[in-house]
$ cat my_file29.txt   # compact mmCIF, C-alpha atoms and all ligand atoms
# COMPACT_ATOMS: atom_id res chain seq x y z
CA MET A 54 145.00 -114.03 33.53
CA ARG A 55 143.48 -111.86 30.82
CA ILE A 56 139.69 -111.88 31.07
CA PHE A 57 136.98 -110.57 28.76
CA SER A 58 133.21 -110.50 28.93
CA GLY A 59 130.30 -108.35 27.83
CA ILE A 60 126.57 -107.79 27.96
CA ARG A 61 124.28 -106.21 25.38
CA PRO A 62 122.72 -102.85 26.29
CA SER A 63 119.26 -104.05 25.39
CA GLY A 64 117.32 -103.26 28.54
CA GLU A 65 117.73 -103.25 32.30
CA LEU A 66 120.15 -105.78 33.72
CA HIS A 67 118.40 -108.54 35.61
CA LEU A 68 119.19 -110.94 38.41
CA GLY A 69 120.26 -113.63 35.89
CA ASN A 70 122.84 -111.27 34.37
CA TYR A 71 124.16 -110.47 37.82
CA LEU A 72 124.29 -113.97 39.31
CA GLY A 73 125.38 -115.62 36.04
CA ALA A 74 127.94 -113.12 34.84
CA ILE A 75 128.62 -109.88 36.73
CA LYS A 76 129.02 -111.45 40.18
CA GLN A 77 131.99 -113.40 38.80
CA TRP A 78 133.40 -110.30 37.12
CA VAL A 79 133.44 -108.38 40.38
CA GLU A 80 135.45 -111.16 42.02
CA LEU A 81 137.77 -111.69 39.07
CA GLN A 82 138.80 -108.04 38.76
CA ASN A 83 140.81 -108.31 41.99
CA ASN A 84 143.44 -110.71 40.72
CA ASN A 85 143.31 -110.54 36.95
CA GLU A 86 143.58 -108.23 34.01
CA CYS A 87 139.93 -107.78 33.09
CA ILE A 88 138.15 -106.04 30.26
CA PHE A 89 134.38 -105.70 30.56
CA CYS A 90 132.41 -104.47 27.63
CA ILE A 91 129.05 -102.99 26.72
CA VAL A 92 128.43 -104.81 23.47
CA ASP A 93 126.30 -102.31 21.57
CA LEU A 94 127.25 -103.75 18.17
CA HIS A 95 125.65 -107.02 19.21
CA ALA A 96 122.54 -105.22 20.46
CA ILE A 97 121.72 -103.90 16.97
CA THR A 98 121.20 -107.39 15.55
CA THR A 99 117.70 -107.51 17.05
CA PRO A 100 115.11 -104.69 16.83
CA TYR A 101 116.16 -101.62 18.82
CA ASP A 102 115.58 -97.88 19.08
CA ALA A 103 118.53 -95.85 17.75
CA GLN A 104 117.41 -92.77 19.69
CA GLU A 105 117.52 -94.63 22.96
CA MET A 106 120.82 -96.40 22.40
CA PRO A 107 123.23 -93.72 23.72
CA GLN A 108 121.34 -93.52 27.02
CA ARG A 109 121.18 -97.31 27.30
CA VAL A 110 124.94 -97.53 26.94
CA ILE A 111 125.50 -94.94 29.65
CA ASP A 112 122.92 -96.55 31.92
CA GLN A 113 124.62 -99.89 31.54
CA ALA A 114 127.99 -98.37 32.37
CA ILE A 115 126.42 -96.82 35.48
CA SER A 116 124.98 -100.20 36.41
CA TYR A 117 128.36 -101.91 35.96
CA LEU A 118 129.91 -99.38 38.34
CA ALA A 119 127.06 -99.61 40.84
CA LEU A 120 127.37 -103.39 40.87
CA GLY A 121 130.99 -103.19 41.90
CA LEU A 122 133.16 -103.00 38.80
CA ASN A 123 136.00 -100.69 39.70
CA PRO A 124 137.68 -98.72 36.89
CA GLU A 125 140.93 -98.86 38.84
CA LYS A 126 140.87 -102.63 38.76
CA CYS A 127 139.41 -103.35 35.33
CA ILE A 128 139.00 -101.79 31.92
CA LEU A 129 135.47 -100.77 30.97
CA ILE A 130 134.74 -100.28 27.29
CA VAL A 131 131.98 -99.77 24.76
CA GLN A 132 132.38 -102.16 21.84
CA SER A 133 131.62 -99.60 19.11
CA HIS A 134 134.39 -97.32 20.40
CA LEU A 135 136.96 -99.82 19.15
CA LYS A 136 136.74 -100.40 15.42
CA GLU A 137 139.40 -103.11 15.71
CA HIS A 138 136.70 -105.52 16.96
CA LEU A 139 134.89 -105.13 13.64
CA GLU A 140 138.04 -105.39 11.60
CA LEU A 141 139.00 -108.64 13.26
CA ALA A 142 135.44 -109.96 12.96
CA TRP A 143 135.63 -109.56 9.18
CA LEU A 144 138.93 -111.41 9.02
CA LEU A 145 137.72 -114.23 11.28
CA GLY A 146 134.52 -114.44 9.22
CA SER A 147 136.62 -115.50 6.28
CA ILE A 148 137.65 -118.71 8.05
CA THR A 149 134.37 -119.46 9.86
CA PRO A 150 132.25 -122.16 8.19
CA ILE A 151 128.69 -120.93 7.66
CA GLY A 152 127.33 -124.26 8.92
CA GLU A 153 128.86 -123.62 12.35
CA LEU A 154 126.99 -120.32 12.56
CA GLN A 155 123.70 -121.78 11.39
CA ARG A 156 123.75 -124.45 14.06
CA MET A 157 124.14 -122.00 16.98
CA THR A 158 121.23 -122.31 19.43
CA GLN A 159 120.94 -118.56 19.96
CA PHE A 160 120.75 -117.93 16.20
CA LYS A 161 118.01 -120.53 15.84
CA GLU A 162 116.06 -119.09 18.75
CA LYS A 163 116.35 -115.49 17.60
CA LYS A 164 115.48 -116.44 14.03
CA LYS A 165 112.26 -117.93 15.34
CA LYS A 166 111.49 -114.97 17.58
CA HIS A 167 112.28 -112.13 15.19
CA LYS A 168 110.90 -113.58 11.96
CA LYS A 169 111.00 -110.19 10.21
CA TYR A 170 114.50 -109.33 11.34
CA ILE A 171 116.69 -112.22 10.26
CA ASN A 172 119.74 -110.27 9.18
CA ALA A 173 123.28 -111.35 8.40
CA GLY A 174 124.39 -109.67 11.63
CA LEU A 175 122.39 -112.15 13.63
CA LEU A 176 124.13 -115.03 11.88
CA ASN A 177 127.55 -113.41 12.24
CA TYR A 178 126.97 -112.52 15.88
CA PRO A 179 129.32 -115.23 17.23
CA VAL A 180 132.13 -114.14 14.88
CA LEU A 181 132.05 -110.66 16.37
CA MET A 182 131.96 -112.20 19.82
CA ALA A 183 135.01 -114.30 18.92
CA ALA A 184 136.75 -111.11 17.78
CA ASP A 185 135.87 -109.36 21.07
CA ILE A 186 137.51 -112.16 22.99
CA LEU A 187 140.49 -112.99 20.78
CA ILE A 188 141.59 -109.43 20.06
CA TYR A 189 142.70 -109.10 23.70
CA GLN A 190 144.30 -112.55 23.84
CA SER A 191 141.77 -113.37 26.54
CA GLU A 192 142.24 -116.58 28.47
CA ILE A 193 139.01 -116.70 30.44
CA VAL A 194 135.47 -115.70 29.48
CA PRO A 195 133.08 -115.54 32.45
CA VAL A 196 129.50 -115.94 31.17
CA GLY A 197 126.24 -117.73 31.90
CA GLU A 198 125.55 -121.14 30.39
CA ASP A 199 123.70 -119.82 27.35
CA GLN A 200 126.94 -118.32 26.01
CA LYS A 201 129.02 -121.48 26.38
CA GLN A 202 128.38 -122.58 22.81
CA HIS A 203 129.63 -119.24 21.48
CA VAL A 204 132.84 -119.45 23.49
CA GLU A 205 133.37 -122.97 22.17
CA LEU A 206 132.98 -121.68 18.63
CA THR A 207 135.52 -118.98 19.51
CA GLN A 208 137.95 -121.76 20.46
CA THR A 209 137.32 -123.51 17.13
CA ILE A 210 137.93 -120.29 15.19
CA ALA A 211 141.11 -119.49 17.16
CA LYS A 212 142.52 -122.97 16.60
CA LYS A 213 141.70 -122.85 12.92
CA PHE A 214 143.42 -119.49 12.57
CA ASN A 215 146.49 -120.70 14.44
CA ASN A 216 146.72 -123.81 12.24
CA LYS A 217 146.27 -121.92 9.03
CA PHE A 218 148.36 -118.81 9.62
CA GLY A 219 150.64 -119.71 12.53
CA GLU A 220 150.35 -119.43 16.32
CA THR A 221 148.53 -116.14 17.01
CA PHE A 222 145.66 -116.47 19.48
CA LYS A 223 145.42 -117.84 22.98
CA ILE A 224 142.62 -120.39 23.26
CA PRO A 225 140.11 -118.93 25.72
CA LYS A 226 138.25 -120.98 28.31
CA VAL A 227 134.67 -120.47 29.39
CA GLN A 228 134.06 -119.94 33.10
CA MET A 229 130.64 -120.39 34.61
CA ASN A 230 129.41 -119.76 38.09
CA LYS A 231 128.56 -123.25 39.35
CA ASP A 232 125.06 -122.50 40.63
CA GLY A 233 124.39 -119.21 38.92
CA ALA A 234 125.04 -120.30 35.37
CA ARG A 235 121.36 -120.60 34.66
CA ILE A 236 118.91 -118.59 36.73
CA MET A 237 115.41 -119.56 35.70
CA SER A 238 112.31 -117.47 35.14
CA LEU A 239 110.14 -117.06 38.25
CA SER A 240 106.97 -117.56 36.25
CA ASP A 241 108.26 -120.47 34.17
CA PRO A 242 111.12 -122.20 36.00
CA LYS A 243 111.83 -124.45 33.02
CA SER A 244 113.07 -121.54 30.90
CA LYS A 245 115.85 -119.12 31.71
CA MET A 246 115.25 -115.72 33.26
CA SER A 247 115.47 -113.21 30.45
CA LYS A 248 114.65 -109.59 29.68
CA SER A 249 112.27 -110.69 27.00
CA ASP A 250 110.06 -113.04 28.99
CA GLY A 251 107.38 -110.46 29.56
CA GLY A 252 108.50 -109.20 32.95
CA LYS A 253 106.68 -111.46 35.38
CA GLY A 254 109.47 -113.97 35.71
CA CYS A 255 112.36 -111.55 35.54
CA ILE A 256 113.69 -109.34 38.34
CA ASP A 257 115.42 -106.21 37.12
CA LEU A 258 118.29 -105.24 39.36
CA PHE A 259 116.90 -101.80 40.03
CA GLU A 260 113.26 -102.68 40.29
CA GLU A 261 110.98 -101.15 42.94
CA PRO A 262 110.98 -103.20 46.18
CA GLN A 263 107.20 -103.77 46.10
CA ILE A 264 107.45 -105.25 42.62
CA ILE A 265 110.31 -107.51 43.65
CA THR A 266 108.21 -108.81 46.53
CA LYS A 267 105.22 -109.33 44.27
CA LYS A 268 107.23 -111.25 41.70
CA ILE A 269 108.93 -113.49 44.23
CA MET A 270 105.74 -114.15 46.20
CA SER A 271 104.00 -115.28 43.02
CA ALA A 272 106.91 -117.39 41.75
CA VAL A 273 105.72 -120.71 40.36
CA THR A 274 106.51 -123.65 42.67
CA ASP A 275 105.37 -127.26 43.02
CA THR A 276 102.52 -128.42 45.24
CA GLN A 277 104.67 -130.22 47.79
CA LYS A 278 105.86 -128.62 50.99
CA LYS A 279 109.49 -129.48 51.43
CA ILE A 280 112.21 -126.93 50.64
CA LYS A 281 114.60 -129.22 48.85
CA TYR A 282 116.86 -128.82 45.84
CA ASP A 283 115.76 -131.01 42.94
CA ARG A 284 116.11 -129.37 39.52
CA ALA A 285 114.11 -132.02 37.70
CA LYS A 286 111.19 -132.51 40.07
CA LYS A 287 111.12 -129.14 41.82
CA PRO A 288 112.47 -126.59 39.34
CA GLY A 289 110.75 -123.59 40.96
CA ILE A 290 111.93 -124.15 44.52
CA SER A 291 115.38 -125.20 43.29
CA ASN A 292 115.69 -121.93 41.40
CA LEU A 293 114.69 -119.92 44.48
CA LEU A 294 117.16 -121.90 46.59
CA ASN A 295 119.83 -121.15 44.05
CA ILE A 296 119.13 -117.43 44.14
CA TYR A 297 119.03 -117.45 47.95
CA SER A 298 122.35 -119.26 48.28
CA LEU A 299 124.08 -117.03 45.73
CA LEU A 300 122.86 -113.83 47.37
CA LYS A 301 124.05 -115.10 50.76
CA ASP A 302 127.23 -116.67 49.42
CA ILE A 303 126.47 -120.03 50.97
CA SER A 304 126.04 -123.48 49.43
CA VAL A 305 122.64 -124.84 48.42
CA ALA A 306 122.96 -127.48 51.15
CA GLU A 307 123.53 -124.77 53.75
CA ALA A 308 120.52 -122.90 52.40
CA GLU A 309 118.34 -126.01 52.73
CA GLU A 310 119.49 -126.39 56.32
CA GLU A 311 118.74 -122.74 57.15
CA LEU A 312 115.26 -122.96 55.68
CA LYS A 313 114.31 -126.31 57.12
CA GLY A 314 110.70 -126.44 58.32
CA LYS A 315 109.69 -123.14 56.65
CA SER A 316 106.65 -123.05 54.38
CA TYR A 317 107.05 -122.02 50.76
CA SER A 318 105.42 -118.66 51.42
CA GLU A 319 107.65 -118.01 54.45
CA PHE A 320 110.67 -118.84 52.29
CA LYS A 321 109.46 -116.55 49.53
CA LYS A 322 109.01 -113.67 51.98
CA ILE A 323 112.53 -114.23 53.36
CA LEU A 324 113.93 -114.34 49.83
CA ALA A 325 112.07 -111.19 48.80
CA ASP A 326 113.43 -109.28 51.81
CA LEU A 327 116.92 -110.63 51.20
CA THR A 328 116.81 -109.61 47.53
CA ILE A 329 115.57 -106.14 48.36
CA SER A 330 118.19 -105.51 51.02
CA PHE A 331 120.90 -106.93 48.76
CA LEU A 332 119.91 -104.61 45.92
CA GLU A 333 119.26 -101.51 48.04
CA PRO A 334 122.88 -100.23 48.29
CA LEU A 335 123.36 -100.91 44.59
CA ARG A 336 120.32 -98.83 43.83
CA SER A 337 121.56 -95.84 45.82
CA LYS A 338 124.97 -96.14 44.21
CA ARG A 339 123.30 -96.07 40.81
CA ASN A 340 121.21 -93.03 41.67
CA GLU A 341 124.32 -91.23 42.82
CA LEU A 342 126.19 -92.10 39.60
CA ALA A 343 123.25 -91.09 37.43
CA SER A 344 124.02 -87.46 38.19
CA ARG A 345 127.67 -87.91 37.22
CA GLU A 346 127.42 -88.87 33.56
CA VAL A 347 130.51 -86.90 32.56
CA TYR A 348 132.59 -88.91 35.01
CA VAL A 349 131.17 -92.13 33.58
CA GLN A 350 131.88 -91.02 30.00
CA GLU A 351 135.44 -90.28 31.03
CA ILE A 352 135.87 -93.80 32.42
CA LEU A 353 134.67 -95.24 29.12
CA SER A 354 136.96 -93.09 27.04
CA GLN A 355 139.95 -93.92 29.25
CA GLY A 356 138.97 -97.60 28.92
CA ALA A 357 138.89 -97.32 25.13
CA LYS A 358 142.36 -95.75 25.08
CA ARG A 359 143.87 -98.55 27.14
CA ALA A 360 142.10 -101.28 25.22
CA LYS A 361 143.03 -99.82 21.84
CA ILE A 362 146.72 -100.37 22.45
CA MET A 363 146.15 -104.08 23.05
CA ALA A 364 143.70 -104.43 20.18
CA GLN A 365 146.01 -102.75 17.69
CA GLU A 366 148.88 -104.99 18.65
CA THR A 367 146.80 -108.08 17.83
CA MET A 368 145.52 -106.54 14.61
CA ASP A 369 149.03 -105.76 13.36
CA ASP A 370 150.05 -109.35 13.98
CA VAL A 371 146.90 -110.83 12.42
CA LYS A 372 147.11 -108.73 9.28
CA LYS A 373 150.74 -109.56 8.78
CA LYS A 374 150.05 -113.28 9.22
CA MET A 375 147.16 -113.09 6.73
CA GLY A 376 149.29 -111.31 4.14
CA LEU A 377 147.40 -108.03 4.34
P1 LIG B 1 122.31 -111.23 27.83
O1 LIG B 1 121.37 -110.56 28.76
O2 LIG B 1 121.68 -112.36 27.09
O3 LIG B 1 123.10 -110.28 26.99
O4 LIG B 1 123.38 -111.96 28.77
C1 LIG B 1 124.45 -111.33 29.37
C2 LIG B 1 125.19 -112.26 30.30
O5 LIG B 1 124.33 -112.70 31.36
C3 LIG B 1 125.71 -113.52 29.64
O6 LIG B 1 126.92 -113.90 30.22
C4 LIG B 1 124.65 -114.52 29.93
O7 LIG B 1 125.12 -115.84 29.88
C5 LIG B 1 124.23 -114.12 31.33
N1 LIG B 1 122.83 -114.50 31.58
C6 LIG B 1 121.74 -114.03 30.94
N2 LIG B 1 120.61 -114.61 31.42
C7 LIG B 1 121.01 -115.47 32.40
C8 LIG B 1 120.33 -116.35 33.28
N3 LIG B 1 119.00 -116.47 33.27
N4 LIG B 1 121.07 -117.08 34.16
C9 LIG B 1 122.40 -116.95 34.19
N5 LIG B 1 123.12 -116.14 33.40
C10 LIG B 1 122.44 -115.40 32.50
N1 LIG B 2 126.88 -112.71 23.28
C1 LIG B 2 126.89 -112.31 24.65
C2 LIG B 2 125.46 -112.37 25.20
O1 LIG B 2 124.51 -112.39 24.49
C3 LIG B 2 127.48 -110.95 24.84
C4 LIG B 2 128.89 -110.88 24.35
C5 LIG B 2 129.35 -110.26 23.24
C6 LIG B 2 130.02 -111.47 24.98
N2 LIG B 2 130.71 -110.41 23.13
C7 LIG B 2 131.14 -111.14 24.18
C8 LIG B 2 130.19 -112.23 26.13
C9 LIG B 2 132.41 -111.59 24.50
C10 LIG B 2 131.47 -112.66 26.45
C11 LIG B 2 132.57 -112.35 25.64
O2 LIG B 2 125.30 -112.42 26.38
$ encode --input "my_file29.txt" --output "structure tokens"
Amino acid sequence: MRIFSGIRPSGELHLGNYLGAIKQWVELQNNNECIFCIVDLHAITTPYDAQEMPQRVIDQAISYLALGLNPEKCILIVQSHLKEHLELAWLLGSITPIGELQRMTQFKEKKKKHKKYINAGLLNYPVLMAADILIYQSEIVPVGEDQKQHVELTQTIAKKFNNKFGETFKIPKVQMNKDGARIMSLSDPKSKMSKSDGGKGCIDLFEEPQIITKKIMSAVTDTQKKIKYDRAKKPGISNLLNIYSLLKDISVAEAEEELKGKSYSEFKKILADLTISFLEPLRSKRNELASREVYVQEILSQGAKRAKIMAQETMDDVKKKMGL
């Protein structure tokens, strides 16, 4: 299967990014043709620092490698290295109803949050995402739950194009990690873990161990005592159980069994230690790669070369079908 996914270089990757998206990528690269992207063109639709961007892109590539993406098994690219994504986005924009874009949850949320930065790029964000996916004839898009709506819009756009201009695009499917699709904030377990939630509820993948412990120990939980999965009544503990089971690769039921009789604070301590020891090797890998930036740049430029061939093939077909 051809697989595509990406993450914006807009800050450190966090546990939600890993458990929701990257963990699946690492597994999928073994038996599929995968392209994983650093979507810098999406990152510029919200306020950002142009000076910092080049380093952020490199750091994210280093993180991808440290987390287990293997350039011999998958293609790693930077979105802005391939102008074909933008070219296709323009063409797809011409058949995307504006109402579909205005009803996207992420657009509505970002519009509220960045009141002074409501640009056309923010509205057109899902069209570029559709182009990222469709240009490689991708069949599967592994993402967290918050991106499901965008992949569904991608399907709508692909079908519309195929109907209007003739069979061209494969219709991609969204793939979510059953339990990891929505990792919640530690400080507010009713909202998702995100880079922008102020830090308390979000664990960066390369955070200092003491800080990880502090954040997990002060995670918001209910006032009962039983370690039991119940998203509605016990969102905090359920979220911690989810994280625990994903890090250990066991089911939530198995996790409940293992933790039976433990107090909340004992559980939190166990989870903090588990998280730290899980992240430790990734951290040393990242430190090692940080001194090899030229090697990382080379991986990205090789990735762009391989991806370009596929992207150009789709573009030739699309332009011909559209009479251009
Ligand atoms: P973002 O950080 O919003 O660019 O998201 C990058 C990828 O991580 C997307 O596939 C998201 O769906 C996924 N993701 C982000 N936050 C979470 C979360 N709290 N739980 C699960 N997946 C997430
Ligand atoms: N919009 C995604 C996010 O915010 C990132 C993204 C851009 C993406 N293009 C993509 C994800 C294509 C999957 C496929 O997380």
$ closest_atom_pairs --input "my_file29.txt" --of "chain A" --to "ligand LIG 2 (chain B)" --cutoff "6 Å" --atoms "only C-alpha atoms and all ligand atoms" --output "Markdown table"
| residue | atom | partner | partner_atom | distance |
| --- | --- | --- | --- | --- |
| A:Phe57 | CA | B:LIG2 | C11 | 5.7 |
| A:Ser58 | CA | B:LIG2 | C10 | 3.7 |
| A:Gly59 | CA | B:LIG2 | C6 | 4.2 |
| A:Ile60 | CA | B:LIG2 | C3 | 4.5 |
| A:Arg61 | CA | B:LIG2 | C3 | 5.7 |
| A:Val92 | CA | B:LIG2 | C5 | 5.5 |
| A:Met182 | CA | B:LIG2 | N2 | 4.0 |
| A:Asp185 | CA | B:LIG2 | C9 | 5.4 |
| A:Ile186 | CA | B:LIG2 | C9 | 5.3 |
| A:Val194 | CA | B:LIG2 | C11 | 5.9 |
$ residues_around --input "my_file29.txt" --residues "stretch 326-340 of chain A" --least-positions-apart "5" --cutoff "7 Å" --atoms "all atoms listed in the file" --output "list in words"
Ile115, Ser116, Ala119, Leu120, Leu258, Phe259 and Pro262 of chain A
$ atom_distance --input "my_file29.txt" --atom1 "atom CA of A:Leu139" --atom2 "atom CA of A:Gly174"
11.6 Å
$ closest_residue --input "my_file29.txt" --among "A:Asp102, A:Asp112, A:Asp257, A:Glu351" --to "ligand LIG 1 (chain B)" --atoms "all atoms listed in the file"
A:Asp257
$ closest_residue --input "my_file29.txt" --among "A:Ile188, A:Val196, A:Leu122, A:Leu353" --to "ligand LIG 1 (chain B)" --atoms "only C-alpha atoms and all ligand atoms"
A:Val196
$ closest_residue --input "my_file29.txt" --among "A:Lys358, A:His167, A:Lys268, A:Lys248" --to "A:Gly64" --atoms "only C-alpha atoms"
A:Lys248
$ atom_distance --input "my_file29.txt" --atom1 "atom CA of A:Leu294" --atom2 "atom CA of A:Glu65"
23.5 Å
$ closest_residue --input "my_file29.txt" --among "A:Ile128, A:Ile352, A:Ala306, A:Ala74" --to "ligand LIG 1 (chain B)" --atoms "all atoms listed in the file"
A:Ala74
$ residues_near_ligand --input "my_file29.txt" --ligand "ligand LIG 1 (chain B)" --cutoff "6 Å" --atoms "only C-alpha atoms and all ligand atoms" --output "PyMOL selection string"
chain A and resi 60-61+69-70+73-74+196-200+233-237+245-247
$ closest_residue --input "my_file29.txt" --among "A:Met54, A:Gln113, A:Leu175, A:Ala184" --to "A:His95" --atoms "only C-alpha atoms"
A:Leu175
$ atom_distance --input "my_file29.txt" --atom1 "atom CA of A:Gln202" --atom2 "atom CA of A:Lys164"
16.8 Å
$ closest_residue --input "my_file29.txt" --among "A:Asp232, A:Met363, A:Lys243, A:Gly146" --to "A:Ile303" --atoms "all atoms listed in the file"
A:Asp232
$ residues_near_point --input "my_file29.txt" --point "(149.5, -106.1, 16.7)" --cutoff "12 Å" --atoms "only C-alpha atoms" --output "ChimeraX atom specification"
/A:137,141,188-190,221-222,361-374
$ write_last_selection --input "my_file29.txt" --atoms "C-alpha atoms" --output "PDB file, keeping the file's coordinate frame"
ATOM      1  CA  GLU A 137     139.400-103.110  15.710  1.00  0.00           C
ATOM      2  CA  LEU A 141     139.000-108.640  13.260  1.00  0.00           C
ATOM      3  CA  ILE A 188     141.590-109.430  20.060  1.00  0.00           C
ATOM      4  CA  TYR A 189     142.700-109.100  23.700  1.00  0.00           C
ATOM      5  CA  GLN A 190     144.300-112.550  23.840  1.00  0.00           C
ATOM      6  CA  THR A 221     148.530-116.140  17.010  1.00  0.00           C
ATOM      7  CA  PHE A 222     145.660-116.470  19.480  1.00  0.00           C
ATOM      8  CA  LYS A 361     143.030 -99.820  21.840  1.00  0.00           C
ATOM      9  CA  ILE A 362     146.720-100.370  22.450  1.00  0.00           C
ATOM     10  CA  MET A 363     146.150-104.080  23.050  1.00  0.00           C
ATOM     11  CA  ALA A 364     143.700-104.430  20.180  1.00  0.00           C
ATOM     12  CA  GLN A 365     146.010-102.750  17.690  1.00  0.00           C
ATOM     13  CA  GLU A 366     148.880-104.990  18.650  1.00  0.00           C
ATOM     14  CA  THR A 367     146.800-108.080  17.830  1.00  0.00           C
ATOM     15  CA  MET A 368     145.520-106.540  14.610  1.00  0.00           C
ATOM     16  CA  ASP A 369     149.030-105.760  13.360  1.00  0.00           C
ATOM     17  CA  ASP A 370     150.050-109.350  13.980  1.00  0.00           C
ATOM     18  CA  VAL A 371     146.900-110.830  12.420  1.00  0.00           C
ATOM     19  CA  LYS A 372     147.110-108.730   9.280  1.00  0.00           C
ATOM     20  CA  LYS A 373     150.740-109.560   8.780  1.00  0.00           C
ATOM     21  CA  LYS A 374     150.050-113.280   9.220  1.00  0.00           C
TER      22      LYS A 374
END
$ residues_around --input "my_file29.txt" --residues "stretch 77-80 of chain A" --least-positions-apart "2" --cutoff "9 Å" --atoms "all atoms listed in the file" --output "PyMOL selection string"
chain A and resi 56+58+71-75+82-84+87+89+120-123+195-196+228-230
$ write_last_selection --input "my_file29.txt" --atoms "C-alpha atoms" --output "short mmCIF file (atom, residue, chain, number, x, y, z; two decimals), keeping the file's coordinate frame"
data_model
loop_
_atom_site.label_atom_id
_atom_site.label_comp_id
_atom_site.auth_asym_id
_atom_site.auth_seq_id
_atom_site.Cartn_x
_atom_site.Cartn_y
_atom_site.Cartn_z
CA ILE A 56 139.69 -111.88 31.07
CA SER A 58 133.21 -110.50 28.93
CA TYR A 71 124.16 -110.47 37.82
CA LEU A 72 124.29 -113.97 39.31
CA GLY A 73 125.38 -115.62 36.04
CA ALA A 74 127.94 -113.12 34.84
CA ILE A 75 128.62 -109.88 36.73
CA GLN A 82 138.80 -108.04 38.76
CA ASN A 83 140.81 -108.31 41.99
CA ASN A 84 143.44 -110.71 40.72
CA CYS A 87 139.93 -107.78 33.09
CA PHE A 89 134.38 -105.70 30.56
CA LEU A 120 127.37 -103.39 40.87
CA GLY A 121 130.99 -103.19 41.90
CA LEU A 122 133.16 -103.00 38.80
CA ASN A 123 136.00 -100.69 39.70
CA PRO A 195 133.08 -115.54 32.45
CA VAL A 196 129.50 -115.94 31.17
CA GLN A 228 134.06 -119.94 33.10
CA MET A 229 130.64 -120.39 34.61
CA ASN A 230 129.41 -119.76 38.09
#
$ residues_around --input "my_file29.txt" --residues "A:Ala211" --least-positions-apart "4" --cutoff "10 Å" --atoms "all atoms listed in the file" --output "PDB file with C-alpha atoms, in the coordinates of the input"
ATOM      1  CA  LEU A 145     137.720-114.230  11.280  1.00  0.00           C
ATOM      2  CA  ILE A 148     137.650-118.710   8.050  1.00  0.00           C
ATOM      3  CA  THR A 149     134.370-119.460   9.860  1.00  0.00           C
ATOM      4  CA  ALA A 183     135.010-114.300  18.920  1.00  0.00           C
ATOM      5  CA  ALA A 184     136.750-111.110  17.780  1.00  0.00           C
ATOM      6  CA  LEU A 187     140.490-112.990  20.780  1.00  0.00           C
ATOM      7  CA  GLU A 205     133.370-122.970  22.170  1.00  0.00           C
ATOM      8  CA  LEU A 206     132.980-121.680  18.630  1.00  0.00           C
ATOM      9  CA  THR A 207     135.520-118.980  19.510  1.00  0.00           C
ATOM     10  CA  ASN A 215     146.490-120.700  14.440  1.00  0.00           C
ATOM     11  CA  ASN A 216     146.720-123.810  12.240  1.00  0.00           C
ATOM     12  CA  LYS A 217     146.270-121.920   9.030  1.00  0.00           C
ATOM     13  CA  GLU A 220     150.350-119.430  16.320  1.00  0.00           C
ATOM     14  CA  THR A 221     148.530-116.140  17.010  1.00  0.00           C
ATOM     15  CA  PHE A 222     145.660-116.470  19.480  1.00  0.00           C
ATOM     16  CA  LYS A 223     145.420-117.840  22.980  1.00  0.00           C
ATOM     17  CA  ILE A 224     142.620-120.390  23.260  1.00  0.00           C
ATOM     18  CA  PRO A 225     140.110-118.930  25.720  1.00  0.00           C
TER      19      PRO A 225
END
$ residues_near_point --input "my_file29.txt" --point "(129.0, -118.9, 10.3)" --cutoff "8 Å" --atoms "all atoms listed in the file" --output "PyMOL selection string"
chain A and resi 146+149-155+176-177+179-180
